[in-house]
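The next block holds one structure in the form of structure tokens; read it before the comments.
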Amino acid sequence: MTNPQDEMIKKLVYFQEEFESPSEDDVKKITPFPLGESESDSLKRFQHVTEMTILTVQLIVEFSKRVPGFDTLLREDQITLLKACSSEVMMLRCSRKYDIKTDSIVYANNQPYTRENYRSASVGDSADALFNFCRSMCILKVDNAEYALLTAIVIFSERPSLLEPKKVEKIQEFYIDTLKAY
């Protein structure tokens, strides 16, 4: 691995950790996750998951803005990449917080969310896909640097309507080569 690759990994891991979780103040503002069975509780669970998702997307945007190479892109391409990558990056982030022993995802509020919690929040069938992905990543024993590199690779993926797709591809290739060297 080259020195520039090593330095870039250190930056990525640093920013990944810096933008890993929302602040305590932000978490306190979120609708609590109710455990009851009423329709009102179901609605509040959905609202809770939605609010957590919004906070996570904000953190993804802040992380992405700091990923080396992102600031060299046209603003239009930055927006295209952010819109397209957020759900994929969110899945990677969930897998970092996955606890294989309890088959749950533990977010910033330290509350474990199970498949059933996701289903009860009206997330539906996507819960199984998410939890299966998280389990697979956990079994692979992906470390922080690999997660950071995978996240960068996802951010710089080819997307429709990019104005400078070759530039995005070149940046992504650097991250792919770095992951291979790692």
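Chain labels A, B, ... are given in the sequence in which chains occur in the structure tokens; within each chain residues are numbered consecutively from 1, and ligands are likewise numbered from 1 in the order shown.
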Hey, could you make a per-residue contact list for region 104-148 of chain A against region 51-63 of chain A with 10 Å as the cut-off, showing the nearest pair of atoms and its distance in Å to one decimal, counting only C-alpha atoms, sorted by chain and number, as a Markdown table?
| residue | atom | partner | partner_atom | distance |
| --- | --- | --- | --- | --- |
| A:Tyr107 | CA | A:Met52 | CA | 8.6 |
| A:Ala108 | CA | A:Met52 | CA | 9.1 |
| A:Asn109 | CA | A:Met52 | CA | 9.7 |
Assign secondary structure with DSSP using the backbone only, and return the residues of chain A in helix (DSSP H, G or I) as an MDAnalysis selection string.
chainID A and resid 3:18 24:28 39:66 70:72 75:96 115:120 126:139 144:155 165:181
Which residue of A:Phe131, A:Phe33, A:Tyr118, A:Tyr147 approaches Glu20 (chain A) most closely, using only C-alpha atoms
A:Tyr147
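Within 7 Å of region 153-168 of chain A, once only C-alpha atoms are used and residues closer than 3 positions along the same chain are dropped, the contacting residues are Asp77, Thr80, Leu81, Cys85, Val89, Leu149, Leu150, Ile171, Gln172, Tyr175 and Ile176 of chain A.
If you look at CA of Pro34 (chain A) and CA of Ser87 (chain A), they are 24.7 Å away from each other.
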Write out as number ranges by chain the residues lying within 8 Å of Ile100 (chain A), counting only C-alpha atoms and excluding same-chain residues fewer than 2 positions away.
A: 98, 102-104, 135, 138
N, CA and C atoms of the current selection, written as a compact mmCIF listing (two decimals), in the first residue's frame:
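Result file follows (out_24.txt):
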# COMPACT_ATOMS: atom_id res chain seq x y z
N TYR A 98 -24.54 -3.49 13.77
CA TYR A 98 -25.28 -4.74 13.92
C TYR A 98 -24.65 -5.60 15.02
N THR A 102 -27.70 -10.65 19.17
CA THR A 102 -29.12 -10.34 19.41
C THR A 102 -29.89 -10.12 18.10
N ASP A 103 -29.19 -10.24 16.96
CA ASP A 103 -29.79 -9.96 15.65
C ASP A 103 -30.53 -8.62 15.69
N SER A 104 -29.77 -7.60 16.13
CA SER A 104 -30.35 -6.26 16.24
C SER A 104 -29.34 -5.21 15.78
N ARG A 135 -25.99 -9.14 8.76
CA ARG A 135 -25.45 -10.41 9.24
C ARG A 135 -24.28 -10.86 8.34
N CYS A 138 -21.22 -8.81 9.02
CA CYS A 138 -20.67 -9.18 10.32
C CYS A 138 -19.87 -10.47 10.22
Can you work out the spacing between CA of Thr178 (chain A) and CA of Lys65 (chain A) in Å, to one decimal?
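It comes out at 19.4 Å.
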